[in-house]
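Colleague: As input, take entry18.cif (mmCIF, C-alpha atoms):
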```
data_upload
#
loop_
_atom_site.label_atom_id
_atom_site.label_comp_id
_atom_site.auth_asym_id
_atom_site.auth_seq_id
_atom_site.Cartn_x
_atom_site.Cartn_y
_atom_site.Cartn_z
CA MET X 1 -10.56 271.32 115.26
CA THR X 2 -12.58 272.55 118.19
CA TYR X 3 -15.83 274.30 118.59
CA GLY X 4 -17.61 275.92 121.42
CA GLY X 5 -20.38 274.30 123.30
CA ASP X 6 -23.36 275.71 125.03
CA ASP X 7 -21.46 276.01 128.25
CA GLY X 8 -18.68 278.00 126.61
CA ARG X 9 -16.16 275.27 126.82
CA ARG X 10 -14.05 274.16 123.92
CA ARG X 11 -14.66 270.65 122.98
CA MET X 12 -13.33 268.20 120.38
CA PRO X 13 -15.64 267.09 117.56
CA PRO X 14 -17.22 263.68 118.01
CA ARG X 15 -15.43 260.79 116.42
CA PRO X 16 -17.21 258.57 114.00
CA PRO X 17 -18.05 255.14 115.31
CA GLN X 18 -15.17 252.65 114.81
CA PRO X 19 -15.69 248.99 113.84
CA PRO X 20 -15.00 246.55 116.59
CA ALA X 21 -11.40 245.45 116.68
CA ARG X 22 -10.58 241.96 115.53
CA PRO X 23 -8.96 239.71 118.02
CA ARG X 24 -5.24 239.56 117.46
CA GLN X 25 -4.13 236.19 116.15
CA GLN X 26 -1.01 234.66 117.45
CA GLN X 27 1.71 234.61 114.82
CA ARG X 28 3.02 231.19 114.10
CA ALA X 29 6.55 230.59 114.96
CA GLN X 30 8.88 229.98 112.11
CA MET X 31 12.00 227.97 112.44
CA MET X 32 15.17 229.51 111.26
CA PRO X 33 16.84 227.60 108.48
CA LEU X 34 19.66 225.37 109.52
CA PRO X 35 23.13 226.22 108.36
CA GLY X 36 23.61 225.01 104.81
CA ARG X 37 19.87 224.36 104.39
CA GLY X 38 18.70 227.83 103.67
CA GLN X 39 17.69 229.18 100.33
CA SER X 40 20.40 230.27 97.99
CA PRO X 41 20.25 233.03 95.45
CA TYR X 42 21.00 230.37 92.85
CA ASP X 43 17.90 228.29 93.69
CA ALA X 44 15.82 230.21 91.21
CA ARG X 45 18.20 229.39 88.37
CA THR X 46 19.42 225.86 89.02
CA ARG X 47 18.65 222.78 90.93
CA PRO X 48 21.19 221.22 93.22
CA MET X 49 22.57 217.91 92.05
CA GLY X 50 20.99 214.96 93.75
CA ALA X 51 18.18 217.07 95.16
CA ARG X 52 14.75 215.56 95.22
CA GLY X 53 11.54 217.21 94.31
CA GLU X 54 9.93 218.66 91.28
CA ALA X 55 11.86 220.55 88.63
CA PRO X 56 11.21 224.23 88.37
CA PRO X 57 8.35 225.09 86.03
CA PRO X 58 9.33 225.91 82.46
CA PRO X 59 9.41 229.53 81.49
CA PRO X 60 6.09 230.80 80.26
CA GLY X 61 5.65 230.56 76.52
CA PRO X 62 3.86 232.86 74.15
CA PRO X 63 0.17 233.21 74.75
CA ARG X 64 -2.05 230.73 72.93
CA GLN X 65 -3.65 232.16 69.88
CA ASP X 66 -6.92 230.92 68.49
CA PRO X 67 -7.11 230.15 64.75
CA PRO X 68 -8.18 233.10 62.71
CA GLU X 69 -11.79 233.43 61.96
CA TYR X 70 -13.12 234.06 58.47
CA GLY X 71 -16.37 235.84 58.38
CA GLY X 72 -17.00 234.89 61.97
CA GLN X 73 -16.91 231.10 61.20
CA GLN X 74 -14.29 228.41 61.71
CA PRO X 75 -12.79 226.97 58.45
CA ARG X 76 -14.43 223.71 57.35
CA PRO X 77 -12.30 220.54 57.45
CA ARG X 78 -11.16 219.27 54.04
CA ARG X 79 -13.49 216.60 52.69
CA ARG X 80 -12.03 213.30 51.49
CA ARG X 81 -12.43 212.66 47.79
CA ARG X 82 -14.81 209.88 46.93
CA TRP X 83 -14.32 207.56 43.93
CA SER X 84 -17.18 207.79 41.51
CA VAL X 85 -18.45 204.83 39.50
CA GLY X 86 -16.94 206.31 36.34
CA LYS X 87 -13.49 206.61 37.90
CA ILE X 88 -13.63 203.04 39.20
CA LEU X 89 -14.63 201.69 35.79
CA MET X 90 -11.92 203.72 34.08
CA THR X 91 -9.31 202.39 36.51
CA LEU X 92 -10.42 198.81 35.94
CA LEU X 93 -10.31 199.36 32.18
CA ILE X 94 -6.76 200.73 32.37
CA VAL X 95 -5.65 197.77 34.50
CA PHE X 96 -7.27 195.34 32.06
CA VAL X 97 -5.63 196.96 29.05
CA LEU X 98 -2.22 196.90 30.76
CA PHE X 99 -2.74 193.24 31.63
CA LEU X 100 -3.58 192.35 28.02
CA ALA X 101 -0.58 194.30 26.81
CA GLY X 102 1.64 192.38 29.20
CA VAL X 103 0.26 189.02 28.08
CA TRP X 104 0.61 190.07 24.43
CA ALA X 105 4.25 191.08 24.90
CA TYR X 106 5.00 187.91 26.86
CA LEU X 107 3.71 185.65 24.09
CA GLU X 108 5.26 187.74 21.33
CA PHE X 109 8.76 187.34 22.75
CA THR X 110 8.58 183.79 24.16
CA ILE X 111 6.90 181.69 21.42
CA ASN X 112 9.37 179.59 19.48
CA ARG X 113 10.24 180.80 15.98
CA VAL X 114 11.49 179.03 12.89
CA ASP X 115 12.32 180.18 9.37
CA ALA X 116 9.59 178.24 7.56
CA ILE X 117 8.28 180.52 4.79
CA GLY X 118 10.54 182.00 2.13
CA ASP X 119 10.57 183.00 -1.50
CA TYR X 120 11.88 180.72 -4.24
CA SER X 121 11.66 180.42 -7.97
CA GLY X 122 8.22 179.24 -9.12
CA ARG X 123 6.40 180.01 -5.87
CA PRO X 124 2.59 180.36 -6.28
CA ALA X 125 1.27 183.90 -6.41
CA ALA X 126 -0.78 185.30 -3.57
CA ALA X 127 -4.53 184.88 -3.96
CA SER X 128 -7.63 185.79 -1.99
CA GLY X 129 -7.78 185.04 1.72
CA THR X 130 -5.09 183.87 4.12
CA ASN X 131 -3.58 180.39 4.33
CA TRP X 132 -2.06 178.74 7.39
CA LEU X 133 -0.03 175.53 7.28
CA ILE X 134 -0.68 173.74 10.59
CA VAL X 135 1.64 170.89 11.48
CA GLY X 136 1.49 168.37 14.30
CA SER X 137 4.94 166.81 14.53
CA ASP X 138 6.05 163.66 16.32
CA SER X 139 8.81 165.66 17.99
CA ARG X 140 9.65 164.37 21.44
CA GLN X 141 11.81 167.35 22.31
CA GLY X 142 11.65 168.17 26.00
CA LEU X 143 10.08 164.81 26.91
CA SER X 144 11.77 162.52 29.39
CA ALA X 145 11.68 158.75 29.06
CA ALA X 146 8.93 158.69 31.67
CA ASP X 147 6.91 161.26 29.68
CA GLU X 148 7.26 159.25 26.47
CA GLU X 149 6.04 156.15 28.27
CA ARG X 150 3.15 158.00 29.90
CA LEU X 151 2.03 159.56 26.61
CA ALA X 152 2.57 156.34 24.64
CA THR X 153 4.51 158.17 21.93
CA GLY X 154 6.10 154.97 20.65
CA ASP X 155 9.69 154.31 19.69
CA SER X 156 11.29 157.41 18.22
CA GLY X 157 13.79 155.24 16.35
CA GLU X 158 11.04 153.61 14.32
CA ALA X 159 9.95 156.95 12.91
CA GLY X 160 13.15 157.26 10.92
CA GLY X 161 13.63 160.91 11.87
CA GLN X 162 11.21 163.65 12.79
CA ARG X 163 7.98 163.43 10.83
CA THR X 164 4.53 165.01 10.83
CA ASP X 165 1.48 163.19 12.15
CA THR X 166 -0.80 166.05 11.13
CA ILE X 167 -0.73 168.37 8.09
CA MET X 168 -3.58 170.82 7.63
CA ILE X 169 -4.32 173.96 5.63
CA ALA X 170 -6.54 176.54 7.33
CA HIS X 171 -7.99 179.01 4.84
CA ILE X 172 -9.46 182.25 6.18
CA PRO X 173 -11.41 184.13 3.46
CA ASP X 174 -11.54 187.89 3.02
CA ASN X 175 -15.32 187.82 2.55
CA SER X 176 -18.29 186.19 4.26
CA THR X 177 -17.48 182.73 2.92
CA LYS X 178 -16.97 180.12 5.62
CA PRO X 179 -13.36 179.32 6.57
CA THR X 180 -12.01 175.94 5.50
CA LEU X 181 -9.89 173.40 7.39
CA LEU X 182 -8.34 170.94 4.95
CA SER X 183 -6.48 167.79 6.01
CA LEU X 184 -3.66 166.41 3.86
CA PRO X 185 -3.20 162.66 4.47
CA ARG X 186 0.38 162.12 5.59
CA ASP X 187 0.84 159.19 3.15
CA SER X 188 -0.09 161.33 0.12
CA GLN X 189 2.38 160.78 -2.72
CA VAL X 190 3.68 164.16 -3.92
CA LYS X 191 6.79 165.62 -5.48
CA ILE X 192 9.29 166.83 -2.89
CA PRO X 193 11.61 169.49 -4.40
CA GLY X 194 15.05 167.98 -4.82
CA HIS X 195 13.99 164.52 -3.56
CA GLY X 196 11.63 163.08 -6.17
CA THR X 197 8.21 161.64 -5.31
CA SER X 198 7.53 160.41 -1.79
CA LYS X 199 5.06 160.62 1.07
CA ILE X 200 4.32 164.22 1.92
CA ASN X 201 5.33 163.88 5.57
CA ALA X 202 8.82 162.84 4.45
CA ALA X 203 9.47 166.43 3.40
CA PHE X 204 9.55 167.44 7.05
CA ALA X 205 12.13 164.79 7.87
CA LEU X 206 14.27 165.68 4.84
CA GLY X 207 14.28 169.46 5.07
CA GLY X 208 12.30 170.61 8.06
CA PRO X 209 9.49 173.19 7.99
CA LYS X 210 10.84 175.16 5.03
CA LEU X 211 10.91 172.14 2.70
CA LEU X 212 7.49 171.04 3.92
CA VAL X 213 6.00 174.47 3.17
CA GLN X 214 7.52 174.47 -0.31
CA THR X 215 6.26 170.92 -0.96
CA VAL X 216 2.69 171.81 0.07
CA GLU X 217 2.72 175.01 -2.00
CA GLN X 218 3.94 173.18 -5.11
CA ALA X 219 1.44 170.32 -4.68
CA THR X 220 -1.63 172.52 -4.04
CA GLY X 221 -0.84 175.75 -5.86
CA LEU X 222 -1.77 177.64 -2.68
CA ARG X 223 0.63 180.20 -1.23
CA MET X 224 1.16 179.74 2.51
CA ASP X 225 1.09 182.97 4.55
CA HIS X 226 1.64 181.59 8.06
CA TYR X 227 3.07 178.52 9.74
CA ALA X 228 2.24 176.88 13.10
CA GLU X 229 3.70 173.69 14.56
CA ILE X 230 3.06 171.76 17.77
CA GLY X 231 4.77 168.62 19.06
CA PHE X 232 3.62 165.66 21.14
CA GLY X 233 4.60 167.08 24.50
CA GLY X 234 3.30 170.57 23.79
CA PHE X 235 -0.06 169.24 22.63
CA ALA X 236 -0.56 167.17 25.79
CA ASN X 237 0.58 170.02 28.04
CA ILE X 238 -1.92 172.46 26.53
CA VAL X 239 -4.77 169.98 27.04
CA ASP X 240 -3.75 169.37 30.66
CA ALA X 241 -3.27 173.10 31.28
CA ILE X 242 -6.97 173.79 30.69
CA GLY X 243 -8.07 170.76 32.69
CA GLY X 244 -8.86 168.53 29.71
CA VAL X 245 -11.16 168.84 26.70
CA ASP X 246 -14.80 167.73 26.60
CA MET X 247 -15.43 165.22 23.83
CA CYS X 248 -18.22 162.83 22.88
CA ILE X 249 -16.83 159.51 21.60
CA ASP X 250 -19.11 157.44 19.37
CA LYS X 251 -17.41 154.06 19.82
CA ASP X 252 -14.94 152.44 22.17
CA MET X 253 -11.42 153.16 20.96
CA ASN X 254 -8.68 150.71 21.85
CA ASP X 255 -5.40 151.04 19.98
CA PRO X 256 -3.16 147.95 20.38
CA MET X 257 -0.18 149.91 19.01
CA THR X 258 -0.18 152.54 21.76
CA GLY X 259 -2.28 150.90 24.46
CA ILE X 260 -4.67 153.84 24.55
CA ASP X 261 -8.17 152.81 25.64
CA ILE X 262 -11.00 155.36 25.38
CA LYS X 263 -14.56 154.38 26.24
CA ALA X 264 -17.57 155.59 24.28
CA GLY X 265 -19.59 158.46 25.66
CA CYS X 266 -19.18 162.14 26.54
CA GLN X 267 -16.17 162.69 28.75
CA LYS X 268 -13.19 164.92 29.44
CA LEU X 269 -9.97 163.81 27.73
CA ASP X 270 -6.69 164.58 29.46
CA GLY X 271 -3.43 165.14 27.60
CA ARG X 272 -2.56 161.46 27.29
CA SER X 273 -6.01 160.39 26.07
CA ALA X 274 -6.29 163.38 23.72
CA LEU X 275 -2.94 162.57 22.11
CA GLY X 276 -4.03 158.97 21.66
CA PHE X 277 -7.34 160.09 20.15
CA VAL X 278 -5.79 162.27 17.43
CA ARG X 279 -3.14 159.66 16.56
CA MET X 280 -5.26 156.50 16.65
CA ARG X 281 -5.70 154.62 13.35
CA HIS X 282 -5.31 150.92 14.24
CA ALA X 283 -8.48 150.56 16.32
CA ASP X 284 -11.80 148.99 15.32
CA ALA X 285 -13.26 152.49 15.68
CA THR X 286 -11.00 153.74 12.86
CA PRO X 287 -11.61 151.28 10.01
CA ARG X 288 -10.46 153.82 7.38
CA SER X 289 -7.11 154.19 9.14
CA ASP X 290 -5.57 157.56 8.30
CA LEU X 291 -8.83 158.98 6.91
CA ASP X 292 -10.58 158.41 10.24
CA ARG X 293 -7.59 159.77 12.08
CA VAL X 294 -7.57 163.12 10.23
CA ALA X 295 -11.33 163.40 10.74
CA ASN X 296 -10.83 162.91 14.49
CA GLN X 297 -8.04 165.49 14.45
CA ARG X 298 -10.33 168.15 12.98
CA LYS X 299 -13.04 167.25 15.45
CA PHE X 300 -10.69 167.55 18.39
CA ILE X 301 -9.14 170.83 17.17
CA GLY X 302 -12.62 172.33 17.01
CA ALA X 303 -13.37 171.31 20.59
CA LEU X 304 -9.95 172.46 21.80
CA VAL X 305 -10.12 175.92 20.19
CA SER X 306 -13.69 176.47 21.39
CA GLN X 307 -12.74 175.57 24.95
CA ILE X 308 -9.61 177.74 24.97
CA ALA X 309 -11.55 180.74 23.66
CA SER X 310 -14.44 180.28 26.09
CA PRO X 311 -14.97 182.67 29.04
CA GLY X 312 -14.73 179.69 31.36
CA THR X 313 -11.06 179.32 30.40
CA LEU X 314 -10.01 182.92 29.80
CA LEU X 315 -11.60 184.19 33.04
CA ASN X 316 -10.51 181.27 35.21
CA PRO X 317 -7.00 181.94 36.57
CA PHE X 318 -6.53 178.22 37.32
CA ASP X 319 -6.88 177.50 33.58
CA PHE X 320 -5.64 180.72 32.00
CA PHE X 321 -2.25 181.03 33.69
CA PRO X 322 -1.25 177.35 33.18
CA LEU X 323 -2.27 177.75 29.53
CA LEU X 324 -0.24 180.94 29.29
CA GLY X 325 2.76 179.17 30.76
CA SER X 326 2.58 176.12 28.49
CA ALA X 327 1.80 177.84 25.17
CA PRO X 328 5.26 179.33 24.40
CA ASP X 329 7.04 175.99 24.73
CA ALA X 330 4.32 174.09 22.89
CA LEU X 331 3.97 176.28 19.83
CA THR X 332 6.37 177.18 17.01
CA MET X 333 5.59 179.86 14.42
CA ASP X 334 7.31 181.39 11.42
CA THR X 335 9.68 184.27 12.09
CA GLY X 336 7.30 186.63 10.29
CA ASP X 337 4.23 185.64 12.32
CA HIS X 338 2.87 187.52 15.32
CA VAL X 339 0.40 186.96 18.14
CA HIS X 340 -2.38 188.88 16.37
CA ASN X 341 -2.09 186.44 13.44
CA LEU X 342 -2.56 183.55 15.84
CA VAL X 343 -5.57 185.22 17.44
CA GLY X 344 -7.15 185.66 14.01
CA LEU X 345 -6.68 181.95 13.31
CA ALA X 346 -8.25 180.97 16.64
CA ILE X 347 -11.25 183.21 16.03
CA ALA X 348 -11.79 181.78 12.55
CA MET X 349 -11.53 178.17 13.72
CA ARG X 350 -13.96 178.55 16.62
CA GLY X 351 -16.81 177.62 14.31
CA ILE X 352 -15.59 174.07 13.65
CA SER X 353 -17.78 172.51 16.32
CA SER X 354 -20.84 174.57 15.27
CA ASP X 355 -20.60 173.94 11.50
CA GLY X 356 -19.25 177.43 10.95
CA VAL X 357 -16.15 176.03 9.24
CA THR X 358 -15.98 173.75 6.21
CA THR X 359 -13.92 170.71 7.26
CA THR X 360 -12.73 168.25 4.66
CA THR X 361 -10.00 165.84 3.68
CA MET X 362 -8.15 166.09 0.39
CA PRO X 363 -10.20 164.20 -2.24
CA ILE X 364 -8.48 160.86 -2.89
CA THR X 365 -8.88 158.01 -5.34
CA ASP X 366 -8.73 155.04 -2.96
CA ALA X 367 -8.71 154.06 0.73
CA SER X 368 -4.93 154.08 0.92
CA ALA X 369 -5.09 157.90 0.81
CA GLN X 370 -1.94 158.03 -1.29
CA HIS X 371 -3.28 159.61 -4.48
CA TRP X 372 -5.40 162.71 -4.85
CA ASP X 373 -8.39 162.98 -7.15
CA LYS X 374 -7.08 165.51 -9.67
CA LYS X 375 -10.45 166.83 -10.82
CA LYS X 376 -11.98 167.31 -7.37
CA SER X 377 -8.70 168.58 -5.96
CA GLY X 378 -8.57 171.22 -8.70
CA GLN X 379 -12.10 172.37 -7.84
CA LEU X 380 -11.19 172.57 -4.15
CA PHE X 381 -8.04 174.61 -4.77
CA ASP X 382 -9.86 177.01 -7.10
CA ALA X 383 -12.52 177.64 -4.44
CA LEU X 384 -9.85 178.46 -1.86
CA LYS X 385 -7.94 180.74 -4.22
CA ASN X 386 -11.04 182.75 -5.09
CA ASP X 387 -12.75 182.77 -1.66
CA THR X 388 -15.80 180.91 -2.95
CA GLU X 389 -17.78 178.14 -1.30
CA VAL X 390 -16.22 174.69 -1.57
CA PRO X 391 -18.43 172.53 -3.81
CA PRO X 392 -20.33 170.00 -1.67
CA ASP X 393 -19.39 167.08 -3.94
CA VAL X 394 -15.67 167.55 -3.21
CA VAL X 395 -16.10 167.70 0.59
CA MET X 396 -14.85 164.48 2.13
CA HIS X 397 -15.35 163.66 5.81
#
```
Starting from the file, give its structure as structure tokens.
Modeller:
Amino acid sequence: MTYGGDDGRRRMPPRPPQPPARPRQQQRAQMMPLPGRGQSPYDARTRPMGARGEAPPPPPGPPRQDPPEYGGQQPRPRRRRRWSVGKILMTLLIVFVLFLAGVWAYLEFTINRVDAIGDYSGRPAAASGTNWLIVGSDSRQGLSAADEERLATGDSGEAGGQRTDTIMIAHIPDNSTKPTLLSLPRDSQVKIPGHGTSKINAAFALGGPKLLVQTVEQATGLRMDHYAEIGFGGFANIVDAIGGVDMCIDKDMNDPMTGIDIKAGCQKLDGRSALGFVRMRHADATPRSDLDRVANQRKFIGALVSQIASPGTLLNPFDFFPLLGSAPDALTMDTGDHVHNLVGLAIAMRGISSDGVTTTTMPITDASAQHWDKKKSGQLFDALKNDTEVPPDVVMH
């Protein structure tokens, strides 16, 4: 485009000012790739074998997405559930109940059983309360020669067959009357069905538990509901299982027949000493012979039952589990008896040491303890049949 100036000449329009030119930079020289070293069209898809360097980057993935928002806020993390006090107590209660059920089932299926109680012609009728026949036998079953020597059981051949060192009747009333633990002297002369008159403990040797139960029922007129038996070894094992039994001994007891020596004073009797204590009748401390022995037996049973049932034994695993392990082998019950029957007996007998149980020996006519006083014995049996208090004048210690 042109325009005319003042002088009439055609002139070009003025150019706008141009920015200063940048100095030209020298282009760097690039070396041509050597033959065989240049890029290949396959480089973008694969990597030559044996080639060094980084692998090609992975193909781009989908774009990262943020978690969805709810109401403009991020979702709260899930809170961990906390155990409340009620849930903890409920869990402990369930565990305790399951533990008791396991112990109950274990004892129910492992305690020894024997057919001791049965019907027969002329058997006494059932009366008030519940009667247990408790027997301590001189059975050495399961004892080695070393055990017999350690426990001072004596010569088994001299016993003339298995006999009973202890015969007791435990009466549990149905009312508020105190329970009764009655000892029957083992030399008592009674009629043994089918064998004439003899010492009551001979019935066990002649016909076992069943004949003994029948003999006691016929002699006392009391119907036996349950039967429990423990032998020498089982008795000592139970005492040792709970770490011994605390007893207070009035006089020194030294039995020349067994070699058992127990000093006077309060002490803890182990299985060997306890067995000697309940069997001792030839010491100066037992001038009444069998009468003193049965009195000591009742005294020890009271201490033993109280200690077994104490929290210190039941809550101590070092006492409870050894006791649990020794009980099935030590105890024998009738086939119709169950663990809950045994628990009821233990609860009733706990009061022996606190005068909550009437303890007595069968009224006798002389120190030989062979003959029962008929009049006083009749009064005693009537009280047990009717769940009434035993007359004080027939109680014999």
Colleague: Give me the residues within 12 Å of Thr215 of chain X as number ranges by chain, counting all atoms listed in the file and dropping any in the same chain fewer than 5 places off.
Modeller: X: 116-117, 120, 122-124, 133, 167, 184, 188-204, 206-210, 220-224
Colleague: Could you state the separation of atom CA of Leu324 of chain X and atom CA of His338 of chain X in Å, given to one decimal place?
Modeller: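 Going from atom CA of Leu324 of chain X over to atom CA of His338 of chain X, I get 15.8 Å.
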Colleague: The PyMOL selection byres ((chain X and resi 298) around 12) on the file shown: which residues, as a compact mmCIF listing (two decimals) with C-alpha atoms, in the coordinates of the input?
Modeller:
```
# COMPACT_ATOMS: atom_id res chain seq x y z
CA ILE X 134 -0.68 173.74 10.59
CA GLY X 136 1.49 168.37 14.30
CA THR X 166 -0.80 166.05 11.13
CA ILE X 167 -0.73 168.37 8.09
CA MET X 168 -3.58 170.82 7.63
CA ILE X 169 -4.32 173.96 5.63
CA ALA X 170 -6.54 176.54 7.33
CA THR X 180 -12.01 175.94 5.50
CA LEU X 181 -9.89 173.40 7.39
CA LEU X 182 -8.34 170.94 4.95
CA SER X 183 -6.48 167.79 6.01
CA LEU X 184 -3.66 166.41 3.86
CA PHE X 277 -7.34 160.09 20.15
CA VAL X 278 -5.79 162.27 17.43
CA ARG X 279 -3.14 159.66 16.56
CA LEU X 291 -8.83 158.98 6.91
CA ASP X 292 -10.58 158.41 10.24
CA ARG X 293 -7.59 159.77 12.08
CA VAL X 294 -7.57 163.12 10.23
CA ALA X 295 -11.33 163.40 10.74
CA ASN X 296 -10.83 162.91 14.49
CA GLN X 297 -8.04 165.49 14.45
CA LYS X 299 -13.04 167.25 15.45
CA PHE X 300 -10.69 167.55 18.39
CA ILE X 301 -9.14 170.83 17.17
CA GLY X 302 -12.62 172.33 17.01
CA ALA X 303 -13.37 171.31 20.59
CA LEU X 304 -9.95 172.46 21.80
CA VAL X 305 -10.12 175.92 20.19
CA MET X 349 -11.53 178.17 13.72
CA ARG X 350 -13.96 178.55 16.62
CA GLY X 351 -16.81 177.62 14.31
CA ILE X 352 -15.59 174.07 13.65
CA SER X 353 -17.78 172.51 16.32
CA ASP X 355 -20.60 173.94 11.50
CA VAL X 357 -16.15 176.03 9.24
CA THR X 358 -15.98 173.75 6.21
CA THR X 359 -13.92 170.71 7.26
CA THR X 360 -12.73 168.25 4.66
CA THR X 361 -10.00 165.84 3.68
CA HIS X 397 -15.35 163.66 5.81
```
Colleague: If you apply the PyMOL selection byres ((chain X and resi 96-108) around 10) to this file, what residues do you get, as a ChimeraX atom specification?
Modeller: /X:90-95,109-112,324-325,327-328,337-340
Colleague: Let me see the file: selected residues, C-alpha atoms, as a compact mmCIF listing (two decimals), in the frame of the given file.
Modeller:
```
# COMPACT_ATOMS: atom_id res chain seq x y z
CA MET X 90 -11.92 203.72 34.08
CA THR X 91 -9.31 202.39 36.51
CA LEU X 92 -10.42 198.81 35.94
CA LEU X 93 -10.31 199.36 32.18
CA ILE X 94 -6.76 200.73 32.37
CA VAL X 95 -5.65 197.77 34.50
CA PHE X 109 8.76 187.34 22.75
CA THR X 110 8.58 183.79 24.16
CA ILE X 111 6.90 181.69 21.42
CA ASN X 112 9.37 179.59 19.48
CA LEU X 324 -0.24 180.94 29.29
CA GLY X 325 2.76 179.17 30.76
CA ALA X 327 1.80 177.84 25.17
CA PRO X 328 5.26 179.33 24.40
CA ASP X 337 4.23 185.64 12.32
CA HIS X 338 2.87 187.52 15.32
CA VAL X 339 0.40 186.96 18.14
CA HIS X 340 -2.38 188.88 16.37
```
Colleague: Can you translate the PyMOL selection byres ((chain X and resi 243) around 12) into the concrete residues it hits in this file, as a PDB file with C-alpha atoms, in the coordinates of the input?
Modeller:
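Saved the output as expr.pdb:
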```pdb
ATOM      1  CA  ALA X 236      -0.560 167.170  25.790  1.00  0.00           C
ATOM      2  CA  ASN X 237       0.580 170.020  28.040  1.00  0.00           C
ATOM      3  CA  ILE X 238      -1.920 172.460  26.530  1.00  0.00           C
ATOM      4  CA  VAL X 239      -4.770 169.980  27.040  1.00  0.00           C
ATOM      5  CA  ASP X 240      -3.750 169.370  30.660  1.00  0.00           C
ATOM      6  CA  ALA X 241      -3.270 173.100  31.280  1.00  0.00           C
ATOM      7  CA  ILE X 242      -6.970 173.790  30.690  1.00  0.00           C
ATOM      8  CA  GLY X 244      -8.860 168.530  29.710  1.00  0.00           C
ATOM      9  CA  VAL X 245     -11.160 168.840  26.700  1.00  0.00           C
ATOM     10  CA  ASP X 246     -14.800 167.730  26.600  1.00  0.00           C
ATOM     11  CA  LYS X 268     -13.190 164.920  29.440  1.00  0.00           C
ATOM     12  CA  LEU X 269      -9.970 163.810  27.730  1.00  0.00           C
ATOM     13  CA  ASP X 270      -6.690 164.580  29.460  1.00  0.00           C
ATOM     14  CA  GLY X 271      -3.430 165.140  27.600  1.00  0.00           C
ATOM     15  CA  ALA X 274      -6.290 163.380  23.720  1.00  0.00           C
ATOM     16  CA  LEU X 304      -9.950 172.460  21.800  1.00  0.00           C
ATOM     17  CA  GLN X 307     -12.740 175.570  24.950  1.00  0.00           C
ATOM     18  CA  ILE X 308      -9.610 177.740  24.970  1.00  0.00           C
ATOM     19  CA  GLY X 312     -14.730 179.690  31.360  1.00  0.00           C
ATOM     20  CA  THR X 313     -11.060 179.320  30.400  1.00  0.00           C
ATOM     21  CA  ASN X 316     -10.510 181.270  35.210  1.00  0.00           C
ATOM     22  CA  PRO X 317      -7.000 181.940  36.570  1.00  0.00           C
ATOM     23  CA  PHE X 318      -6.530 178.220  37.320  1.00  0.00           C
ATOM     24  CA  ASP X 319      -6.880 177.500  33.580  1.00  0.00           C
ATOM     25  CA  PHE X 320      -5.640 180.720  32.000  1.00  0.00           C
ATOM     26  CA  PHE X 321      -2.250 181.030  33.690  1.00  0.00           C
ATOM     27  CA  PRO X 322      -1.250 177.350  33.180  1.00  0.00           C
ATOM     28  CA  LEU X 323      -2.270 177.750  29.530  1.00  0.00           C
TER      29      LEU X 323
END
```
Colleague: Go ahead and compute the interatomic distance for atom CA of Gly336 of chain X and atom CA of Gly378 of chain X, in Å to one decimal.
Modeller: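 Atom CA of Gly378 of chain X lies at a distance of 29.2 Å from atom CA of Gly336 of chain X.
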Colleague: Using all atoms listed in the file, find the one residue out of X:Ser310, X:Thr286, X:Thr258, X:Thr332 that sits nearest to Val135 of chain X.
Modeller: X:Thr332
Colleague: So the first atom is atom CA of Asp138 of chain X and the second is atom CA of Met253 of chain X; what is the distance between them in Å, to one decimal place?
Modeller: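 Computing it gives 20.9 Å between the two atoms.
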Colleague: Hey, can you pull every residue with an atom no more than 6 Å from (4.9, 176.4, 10.4), using all atoms listed in the file, and send it as a list in words?
Modeller: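 Final list of nearby residues, as requested, is Ala116, Leu133, Tyr227, Ala228, Glu229, Met333 and Asp334 of chain X.
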Colleague: From the set X:Ile347, X:Leu342, X:Ile172, X:Leu151, which residue has the shortest atom-to-atom contact distance to Thr130 of chain X, counting all atoms listed in the file?
Modeller: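 Under the stated criterion, the closest residue is X:Ile172.
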